[in-house]
file target-v8.cif (mmCIF, N, CA, C and O atoms)
data_input
#
loop_
_atom_site.label_atom_id
_atom_site.label_comp_id
_atom_site.auth_asym_id
_atom_site.auth_seq_id
_atom_site.Cartn_x
_atom_site.Cartn_y
_atom_site.Cartn_z
N MET A 1 4.49 33.90 0.92
CA MET A 1 3.55 34.93 0.51
C MET A 1 2.75 35.42 1.71
O MET A 1 2.43 36.59 1.77
N ARG A 2 2.45 34.50 2.64
CA ARG A 2 1.68 34.93 3.82
C ARG A 2 2.48 35.93 4.64
O ARG A 2 1.94 36.94 5.09
N HIS A 3 3.76 35.68 4.82
CA HIS A 3 4.59 36.59 5.61
C HIS A 3 4.80 37.91 4.88
O HIS A 3 4.94 38.96 5.51
N LEU A 4 4.86 37.88 3.56
CA LEU A 4 5.03 39.11 2.80
C LEU A 4 3.77 39.96 2.81
O LEU A 4 3.84 41.18 2.66
N SER A 5 2.60 39.34 2.96
CA SER A 5 1.35 40.10 2.92
C SER A 5 1.12 40.92 4.19
O SER A 5 0.35 41.87 4.17
N HIS A 6 1.78 40.56 5.28
CA HIS A 6 1.64 41.32 6.53
C HIS A 6 2.55 42.55 6.45
O HIS A 6 3.76 42.43 6.32
N THR A 7 1.93 43.68 6.50
CA THR A 7 2.71 44.93 6.43
C THR A 7 2.83 45.51 7.83
O THR A 7 2.04 46.35 8.25
N ASP A 8 3.85 45.06 8.54
CA ASP A 8 4.06 45.58 9.89
C ASP A 8 4.93 46.83 9.89
O ASP A 8 5.08 47.50 10.89
N GLY A 9 5.54 47.15 8.75
CA GLY A 9 6.33 48.36 8.63
C GLY A 9 7.72 48.29 9.21
O GLY A 9 8.52 49.18 9.02
N VAL A 10 8.04 47.21 9.92
CA VAL A 10 9.33 47.12 10.59
C VAL A 10 10.34 46.35 9.74
O VAL A 10 11.48 46.75 9.60
N LYS A 11 9.89 45.26 9.15
CA LYS A 11 10.81 44.38 8.44
C LYS A 11 10.78 44.62 6.94
O LYS A 11 9.75 44.92 6.36
N THR A 12 11.94 44.44 6.32
CA THR A 12 12.00 44.49 4.87
C THR A 12 11.54 43.15 4.31
O THR A 12 11.37 42.18 5.05
N SER A 13 11.34 43.09 3.01
CA SER A 13 10.89 41.83 2.41
C SER A 13 11.94 40.74 2.56
O SER A 13 11.60 39.58 2.76
N THR A 14 13.22 41.10 2.52
CA THR A 14 14.28 40.11 2.71
C THR A 14 14.24 39.53 4.13
O THR A 14 14.39 38.32 4.31
N GLU A 15 14.01 40.37 5.11
CA GLU A 15 13.92 39.88 6.50
C GLU A 15 12.69 39.00 6.69
O GLU A 15 12.74 38.00 7.41
N ARG A 16 11.58 39.34 6.04
CA ARG A 16 10.37 38.52 6.15
C ARG A 16 10.57 37.15 5.51
O ARG A 16 10.12 36.14 6.04
N ILE A 17 11.24 37.10 4.36
CA ILE A 17 11.50 35.82 3.69
C ILE A 17 12.44 34.98 4.53
O ILE A 17 12.24 33.76 4.67
N SER A 18 13.45 35.58 5.12
CA SER A 18 14.37 34.84 6.00
C SER A 18 13.62 34.28 7.20
O SER A 18 13.83 33.12 7.59
N PHE A 19 12.75 35.08 7.79
CA PHE A 19 11.97 34.62 8.94
C PHE A 19 11.07 33.45 8.55
O PHE A 19 10.96 32.46 9.28
N ALA A 20 10.42 33.54 7.40
CA ALA A 20 9.53 32.48 6.95
C ALA A 20 10.29 31.20 6.62
O ALA A 20 9.81 30.10 6.89
N SER A 21 11.48 31.32 6.06
CA SER A 21 12.24 30.12 5.70
C SER A 21 12.80 29.41 6.92
O SER A 21 13.09 28.22 6.86
N HIS A 22 12.93 30.10 8.03
CA HIS A 22 13.40 29.45 9.25
C HIS A 22 12.30 28.65 9.94
O HIS A 22 12.55 27.95 10.90
N LYS A 23 11.09 28.76 9.46
CA LYS A 23 9.97 28.00 10.01
C LYS A 23 9.71 26.75 9.18
O LYS A 23 8.57 26.34 9.01
N ALA A 24 10.75 26.11 8.68
CA ALA A 24 10.61 24.95 7.81
C ALA A 24 10.66 23.63 8.57
O ALA A 24 10.66 22.58 7.95
N ALA A 25 10.70 23.66 9.88
CA ALA A 25 10.80 22.43 10.66
C ALA A 25 9.63 21.48 10.42
O ALA A 25 9.85 20.27 10.27
N PRO A 26 8.38 21.93 10.34
CA PRO A 26 7.29 20.98 10.08
C PRO A 26 7.43 20.28 8.73
O PRO A 26 7.15 19.08 8.62
N VAL A 27 7.89 20.99 7.73
CA VAL A 27 8.09 20.38 6.41
C VAL A 27 9.19 19.33 6.50
O VAL A 27 9.05 18.22 5.96
N PHE A 28 10.27 19.66 7.18
CA PHE A 28 11.38 18.72 7.32
C PHE A 28 10.93 17.44 8.01
O PHE A 28 11.21 16.34 7.54
N TYR A 29 10.23 17.57 9.13
CA TYR A 29 9.81 16.38 9.87
C TYR A 29 8.78 15.56 9.09
O TYR A 29 8.79 14.33 9.15
N ALA A 30 7.89 16.20 8.38
CA ALA A 30 6.91 15.47 7.58
C ALA A 30 7.58 14.63 6.50
O ALA A 30 7.23 13.46 6.28
N ILE A 31 8.59 15.19 5.85
CA ILE A 31 9.29 14.46 4.80
C ILE A 31 10.12 13.33 5.40
O ILE A 31 10.16 12.22 4.86
N VAL A 32 10.77 13.57 6.52
CA VAL A 32 11.56 12.51 7.16
C VAL A 32 10.67 11.36 7.60
O VAL A 32 11.01 10.18 7.41
N ILE A 33 9.51 11.65 8.13
CA ILE A 33 8.58 10.60 8.55
C ILE A 33 8.08 9.82 7.35
O ILE A 33 7.97 8.58 7.40
N THR A 34 7.79 10.49 6.26
CA THR A 34 7.32 9.80 5.06
C THR A 34 8.41 8.88 4.49
O THR A 34 8.13 7.74 4.10
N ILE A 35 9.64 9.35 4.46
CA ILE A 35 10.74 8.52 3.97
C ILE A 35 10.95 7.33 4.90
O ILE A 35 11.20 6.20 4.45
N THR A 36 10.83 7.55 6.20
CA THR A 36 10.98 6.47 7.16
C THR A 36 9.90 5.40 6.96
O THR A 36 10.16 4.20 7.16
N ALA A 37 8.72 5.82 6.55
CA ALA A 37 7.65 4.85 6.31
C ALA A 37 7.97 3.92 5.14
O ALA A 37 7.44 2.81 5.07
N PHE A 38 8.84 4.35 4.23
CA PHE A 38 9.22 3.52 3.10
C PHE A 38 10.37 2.57 3.41
O PHE A 38 10.71 1.71 2.59
N LEU A 39 11.01 2.69 4.55
CA LEU A 39 12.15 1.83 4.89
C LEU A 39 11.82 0.34 4.90
O LEU A 39 12.64 -0.46 4.44
N PRO A 40 10.66 -0.10 5.38
CA PRO A 40 10.37 -1.54 5.34
C PRO A 40 10.32 -2.12 3.93
O PRO A 40 10.57 -3.32 3.74
N ILE A 41 10.06 -1.29 2.95
CA ILE A 41 10.04 -1.78 1.56
C ILE A 41 11.41 -2.29 1.15
O ILE A 41 11.53 -3.23 0.37
N PHE A 42 12.46 -1.68 1.69
CA PHE A 42 13.82 -2.10 1.32
C PHE A 42 14.19 -3.46 1.89
O PHE A 42 15.18 -4.05 1.49
N THR A 43 13.41 -3.99 2.81
CA THR A 43 13.70 -5.32 3.36
C THR A 43 13.03 -6.43 2.57
O THR A 43 13.26 -7.61 2.86
N LEU A 44 12.20 -6.07 1.60
CA LEU A 44 11.51 -7.09 0.80
C LEU A 44 12.51 -7.88 -0.04
O LEU A 44 13.51 -7.34 -0.50
N GLN A 45 12.23 -9.15 -0.24
CA GLN A 45 13.11 -10.04 -0.98
C GLN A 45 12.43 -10.49 -2.28
O GLN A 45 11.24 -10.27 -2.47
N ARG A 46 13.16 -11.11 -3.13
CA ARG A 46 12.70 -11.77 -4.35
C ARG A 46 11.91 -10.82 -5.25
O ARG A 46 12.30 -9.71 -5.52
N VAL A 47 10.75 -11.32 -5.74
CA VAL A 47 9.97 -10.57 -6.72
C VAL A 47 9.44 -9.27 -6.12
O VAL A 47 9.45 -8.23 -6.78
N GLU A 48 8.98 -9.33 -4.88
CA GLU A 48 8.44 -8.13 -4.26
C GLU A 48 9.51 -7.04 -4.16
O GLU A 48 9.25 -5.87 -4.40
N GLY A 49 10.71 -7.45 -3.79
CA GLY A 49 11.80 -6.49 -3.70
C GLY A 49 12.13 -5.88 -5.04
O GLY A 49 12.35 -4.68 -5.16
N ARG A 50 12.17 -6.70 -6.07
CA ARG A 50 12.48 -6.19 -7.41
C ARG A 50 11.37 -5.27 -7.92
O ARG A 50 11.63 -4.37 -8.70
N LEU A 51 10.16 -5.50 -7.48
CA LEU A 51 9.05 -4.64 -7.91
C LEU A 51 9.02 -3.31 -7.17
O LEU A 51 8.79 -2.25 -7.76
N PHE A 52 9.24 -3.35 -5.87
CA PHE A 52 9.01 -2.16 -5.06
C PHE A 52 10.26 -1.36 -4.70
O PHE A 52 10.14 -0.21 -4.28
N HIS A 53 11.46 -1.92 -4.83
CA HIS A 53 12.67 -1.15 -4.53
C HIS A 53 12.77 0.10 -5.40
O HIS A 53 13.05 1.19 -4.87
N PRO A 54 12.59 -0.01 -6.73
CA PRO A 54 12.70 1.22 -7.55
C PRO A 54 11.68 2.29 -7.15
O PRO A 54 11.99 3.48 -7.15
N MET A 55 10.48 1.87 -6.81
CA MET A 55 9.46 2.83 -6.39
C MET A 55 9.87 3.52 -5.09
O MET A 55 9.74 4.75 -4.96
N ALA A 56 10.38 2.75 -4.14
CA ALA A 56 10.79 3.34 -2.86
C ALA A 56 11.96 4.31 -3.06
O ALA A 56 11.98 5.39 -2.46
N TRP A 57 12.93 3.94 -3.89
CA TRP A 57 14.05 4.84 -4.17
C TRP A 57 13.56 6.12 -4.85
O TRP A 57 14.00 7.22 -4.51
N THR A 58 12.65 5.97 -5.80
CA THR A 58 12.14 7.13 -6.52
C THR A 58 11.41 8.09 -5.59
O THR A 58 11.63 9.30 -5.63
N VAL A 59 10.56 7.56 -4.74
CA VAL A 59 9.82 8.40 -3.80
C VAL A 59 10.78 9.07 -2.82
O VAL A 59 10.67 10.26 -2.53
N ALA A 60 11.74 8.32 -2.31
CA ALA A 60 12.70 8.89 -1.35
C ALA A 60 13.52 10.01 -1.98
O ALA A 60 13.68 11.08 -1.39
N PHE A 61 14.02 9.79 -3.19
CA PHE A 61 14.80 10.83 -3.85
C PHE A 61 13.94 12.03 -4.23
O PHE A 61 14.39 13.18 -4.15
N ALA A 62 12.70 11.80 -4.64
CA ALA A 62 11.81 12.91 -4.97
C ALA A 62 11.52 13.75 -3.72
O ALA A 62 11.50 14.99 -3.78
N LEU A 63 11.30 13.09 -2.60
CA LEU A 63 11.04 13.83 -1.36
C LEU A 63 12.28 14.59 -0.89
O LEU A 63 12.17 15.72 -0.40
N LEU A 64 13.44 13.98 -1.03
CA LEU A 64 14.68 14.69 -0.66
C LEU A 64 14.90 15.90 -1.56
O LEU A 64 15.33 16.96 -1.10
N GLY A 65 14.62 15.74 -2.84
CA GLY A 65 14.73 16.86 -3.77
C GLY A 65 13.76 17.98 -3.42
O GLY A 65 14.11 19.17 -3.45
N ALA A 66 12.53 17.61 -3.06
CA ALA A 66 11.55 18.62 -2.66
C ALA A 66 11.97 19.31 -1.37
O ALA A 66 11.77 20.52 -1.22
N LEU A 67 12.57 18.55 -0.46
CA LEU A 67 13.05 19.14 0.79
C LEU A 67 14.17 20.14 0.53
O LEU A 67 14.15 21.26 1.05
N LEU A 68 15.13 19.76 -0.28
CA LEU A 68 16.22 20.67 -0.61
C LEU A 68 15.72 21.91 -1.33
O LEU A 68 16.17 23.03 -1.06
N PHE A 69 14.77 21.72 -2.23
CA PHE A 69 14.21 22.87 -2.94
C PHE A 69 13.50 23.81 -1.99
O PHE A 69 13.70 25.03 -2.04
N SER A 70 12.67 23.26 -1.11
CA SER A 70 11.88 24.12 -0.23
C SER A 70 12.71 24.82 0.83
O SER A 70 12.33 25.89 1.31
N ILE A 71 13.84 24.24 1.22
CA ILE A 71 14.66 24.85 2.26
C ILE A 71 15.77 25.72 1.68
O ILE A 71 16.09 26.77 2.24
N LEU A 72 16.34 25.32 0.54
CA LEU A 72 17.48 26.05 0.00
C LEU A 72 17.15 26.96 -1.18
O LEU A 72 17.58 28.11 -1.22
N VAL A 73 16.41 26.45 -2.14
CA VAL A 73 16.23 27.19 -3.40
C VAL A 73 15.09 28.20 -3.32
O VAL A 73 15.25 29.35 -3.72
N ALA A 74 13.94 27.79 -2.82
CA ALA A 74 12.77 28.67 -2.82
C ALA A 74 12.97 29.96 -2.02
O ALA A 74 12.59 31.04 -2.50
N PRO A 75 13.57 29.92 -0.82
CA PRO A 75 13.79 31.21 -0.12
C PRO A 75 14.72 32.15 -0.88
O PRO A 75 14.49 33.36 -0.91
N ARG A 76 15.77 31.60 -1.51
CA ARG A 76 16.69 32.46 -2.27
C ARG A 76 15.99 33.03 -3.49
O ARG A 76 16.20 34.19 -3.85
N ALA A 77 15.16 32.24 -4.14
CA ALA A 77 14.41 32.74 -5.29
C ALA A 77 13.42 33.82 -4.85
O ALA A 77 13.20 34.80 -5.57
N GLY A 78 12.82 33.64 -3.68
CA GLY A 78 11.92 34.66 -3.16
C GLY A 78 12.64 35.96 -2.84
O GLY A 78 12.13 37.05 -3.10
N LYS A 79 13.83 35.85 -2.28
CA LYS A 79 14.62 37.06 -2.01
C LYS A 79 14.95 37.79 -3.30
O LYS A 79 14.91 39.02 -3.36
N PHE A 80 15.25 37.03 -4.35
CA PHE A 80 15.57 37.65 -5.63
C PHE A 80 14.32 38.24 -6.27
O PHE A 80 14.35 39.35 -6.80
N ALA A 81 13.21 37.52 -6.22
CA ALA A 81 11.99 37.97 -6.89
C ALA A 81 11.38 39.19 -6.21
O ALA A 81 10.78 40.03 -6.87
N PHE A 82 11.50 39.28 -4.89
CA PHE A 82 10.88 40.37 -4.16
C PHE A 82 11.89 41.38 -3.64
O PHE A 82 11.64 42.07 -2.66
N ALA A 83 13.01 41.48 -4.30
CA ALA A 83 14.03 42.45 -3.90
C ALA A 83 13.59 43.86 -4.30
O ALA A 83 12.82 44.06 -5.23
N LYS A 84 14.08 44.83 -3.57
CA LYS A 84 13.88 46.25 -3.88
C LYS A 84 12.41 46.65 -3.97
O LYS A 84 12.00 47.38 -4.86
N GLY A 85 11.61 46.12 -3.06
CA GLY A 85 10.23 46.58 -2.97
C GLY A 85 9.27 45.99 -3.96
O GLY A 85 8.12 46.39 -4.01
N ARG A 86 9.71 45.05 -4.80
CA ARG A 86 8.77 44.44 -5.73
C ARG A 86 7.86 43.51 -4.97
O ARG A 86 8.28 42.81 -4.07
N ARG A 87 6.61 43.49 -5.37
CA ARG A 87 5.64 42.65 -4.68
C ARG A 87 4.67 42.11 -5.71
O ARG A 87 4.03 42.87 -6.42
N ASN A 88 4.59 40.80 -5.78
CA ASN A 88 3.70 40.13 -6.73
C ASN A 88 3.97 40.55 -8.18
O ASN A 88 3.06 40.70 -8.97
N GLY A 89 5.22 40.80 -8.49
CA GLY A 89 5.60 41.15 -9.86
C GLY A 89 5.40 42.62 -10.19
O GLY A 89 5.64 43.02 -11.31
N ILE A 90 4.93 43.42 -9.26
CA ILE A 90 4.68 44.84 -9.51
C ILE A 90 5.66 45.66 -8.68
O ILE A 90 5.83 45.43 -7.50
N THR A 91 6.31 46.61 -9.31
CA THR A 91 7.27 47.45 -8.62
C THR A 91 6.53 48.56 -7.87
O THR A 91 5.70 49.26 -8.45
N ARG A 92 6.86 48.69 -6.59
CA ARG A 92 6.26 49.77 -5.81
C ARG A 92 7.02 51.06 -6.04
O ARG A 92 8.23 51.08 -6.20
N SER A 93 6.30 52.16 -6.03
CA SER A 93 6.98 53.46 -6.22
C SER A 93 6.87 54.32 -4.99
O SER A 93 6.18 54.08 -4.07
#
call {"tool": "encode", "arguments": {"input": "target-v8.cif", "output": "C-alpha cells"}}
result
Amino acid sequence: MRHLSHTDGVKTSTERISFASHKAAPVFYAIVITITAFLPIFTLQRVEGRLFHPMAWTVAFALLGALLFSILVAPRAGKFAFAKGRRNGITRS
C-alpha cells in the first residue's frame, strides 16, 4: 500500500506491486532467524521433547506458511485487486 500511494506517474500499479514484492528480503531473513532459534528445541529428550516438539513444529510450519503467503500469494492478490486502475476498492475514471 505504501508503494501504491506514491504517485510518481511513471509506473503502473502492477509495476509498483512487483517492485514492492522484490523487497521481501528482510521478511525472509527475520523468519529464517526465528525458525533457527527453535532448532535447539528439537534436541530435547524425554518429557521435555514430547512437550515442546509439537510446539516447535507448529511455529516453524506457521512461519513457513506466512513466508510463502507474503512472498507468493499476497503480491499476486495485490496485482489482481489493483488491476486496471482500481485503488482501495474504488475504480478510477
call {"tool": "atom_distance", "arguments": {"input": "target-v8.cif", "atom1": "atom C of A:Phe28", "atom2": "atom N of A:Glu48"}}
result
29.8 Å
call {"tool": "closest_residue", "arguments": {"input": "target-v8.cif", "among": "A:Ile35, A:Ser70, A:Leu44, A:Val27", "to": "A:Ala56", "atoms": "only N, CA, C and O atoms"}}
result
A:Ile35
call {"tool": "atom_distance", "arguments": {"input": "target-v8.cif", "atom1": "atom C of A:Ala37", "atom2": "atom N of A:Pro75"}}
result
27.3 Å
call {"tool": "resolve_selection", "arguments": {"input": "target-v8.cif", "expression": "the PyMOL selection byres ((chain A and resi 59-63) around 8)", "output": "compact mmCIF listing (two decimals) with N, CA, C and O atoms, in the coordinates of the input"}}
result
# COMPACT_ATOMS: atom_id res chain seq x y z
N VAL A 27 7.89 20.99 7.73
CA VAL A 27 8.09 20.38 6.41
C VAL A 27 9.19 19.33 6.50
O VAL A 27 9.05 18.22 5.96
N ILE A 31 8.59 15.19 5.85
CA ILE A 31 9.29 14.46 4.80
C ILE A 31 10.12 13.33 5.40
O ILE A 31 10.16 12.22 4.86
N VAL A 32 10.77 13.57 6.52
CA VAL A 32 11.56 12.51 7.16
C VAL A 32 10.67 11.36 7.60
O VAL A 32 11.01 10.18 7.41
N THR A 34 7.79 10.49 6.26
CA THR A 34 7.32 9.80 5.06
C THR A 34 8.41 8.88 4.49
O THR A 34 8.13 7.74 4.10
N ILE A 35 9.64 9.35 4.46
CA ILE A 35 10.74 8.52 3.97
C ILE A 35 10.95 7.33 4.90
O ILE A 35 11.20 6.20 4.45
N THR A 36 10.83 7.55 6.20
CA THR A 36 10.98 6.47 7.16
C THR A 36 9.90 5.40 6.96
O THR A 36 10.16 4.20 7.16
N PHE A 38 8.84 4.35 4.23
CA PHE A 38 9.22 3.52 3.10
C PHE A 38 10.37 2.57 3.41
O PHE A 38 10.71 1.71 2.59
N PHE A 52 9.24 -3.35 -5.87
CA PHE A 52 9.01 -2.16 -5.06
C PHE A 52 10.26 -1.36 -4.70
O PHE A 52 10.14 -0.21 -4.28
N HIS A 53 11.46 -1.92 -4.83
CA HIS A 53 12.67 -1.15 -4.53
C HIS A 53 12.77 0.10 -5.40
O HIS A 53 13.05 1.19 -4.87
N PRO A 54 12.59 -0.01 -6.73
CA PRO A 54 12.70 1.22 -7.55
C PRO A 54 11.68 2.29 -7.15
O PRO A 54 11.99 3.48 -7.15
N MET A 55 10.48 1.87 -6.81
CA MET A 55 9.46 2.83 -6.39
C MET A 55 9.87 3.52 -5.09
O MET A 55 9.74 4.75 -4.96
N ALA A 56 10.38 2.75 -4.14
CA ALA A 56 10.79 3.34 -2.86
C ALA A 56 11.96 4.31 -3.06
O ALA A 56 11.98 5.39 -2.46
N TRP A 57 12.93 3.94 -3.89
CA TRP A 57 14.05 4.84 -4.17
C TRP A 57 13.56 6.12 -4.85
O TRP A 57 14.00 7.22 -4.51
N THR A 58 12.65 5.97 -5.80
CA THR A 58 12.14 7.13 -6.52
C THR A 58 11.41 8.09 -5.59
O THR A 58 11.63 9.30 -5.63
N LEU A 64 13.44 13.98 -1.03
CA LEU A 64 14.68 14.69 -0.66
C LEU A 64 14.90 15.90 -1.56
O LEU A 64 15.33 16.96 -1.10
N GLY A 65 14.62 15.74 -2.84
CA GLY A 65 14.73 16.86 -3.77
C GLY A 65 13.76 17.98 -3.42
O GLY A 65 14.11 19.17 -3.45
N ALA A 66 12.53 17.61 -3.06
CA ALA A 66 11.55 18.62 -2.66
C ALA A 66 11.97 19.31 -1.37
O ALA A 66 11.77 20.52 -1.22
N LEU A 67 12.57 18.55 -0.46
CA LEU A 67 13.05 19.14 0.79
C LEU A 67 14.17 20.14 0.53
O LEU A 67 14.15 21.26 1.05
N LEU A 68 15.13 19.76 -0.28
CA LEU A 68 16.22 20.67 -0.61
C LEU A 68 15.72 21.91 -1.33
O LEU A 68 16.17 23.03 -1.06
N PHE A 69 14.77 21.72 -2.23
CA PHE A 69 14.21 22.87 -2.94
C PHE A 69 13.50 23.81 -1.99
O PHE A 69 13.70 25.03 -2.04
N SER A 70 12.67 23.26 -1.11
CA SER A 70 11.88 24.12 -0.23
C SER A 70 12.71 24.82 0.83
O SER A 70 12.33 25.89 1.31
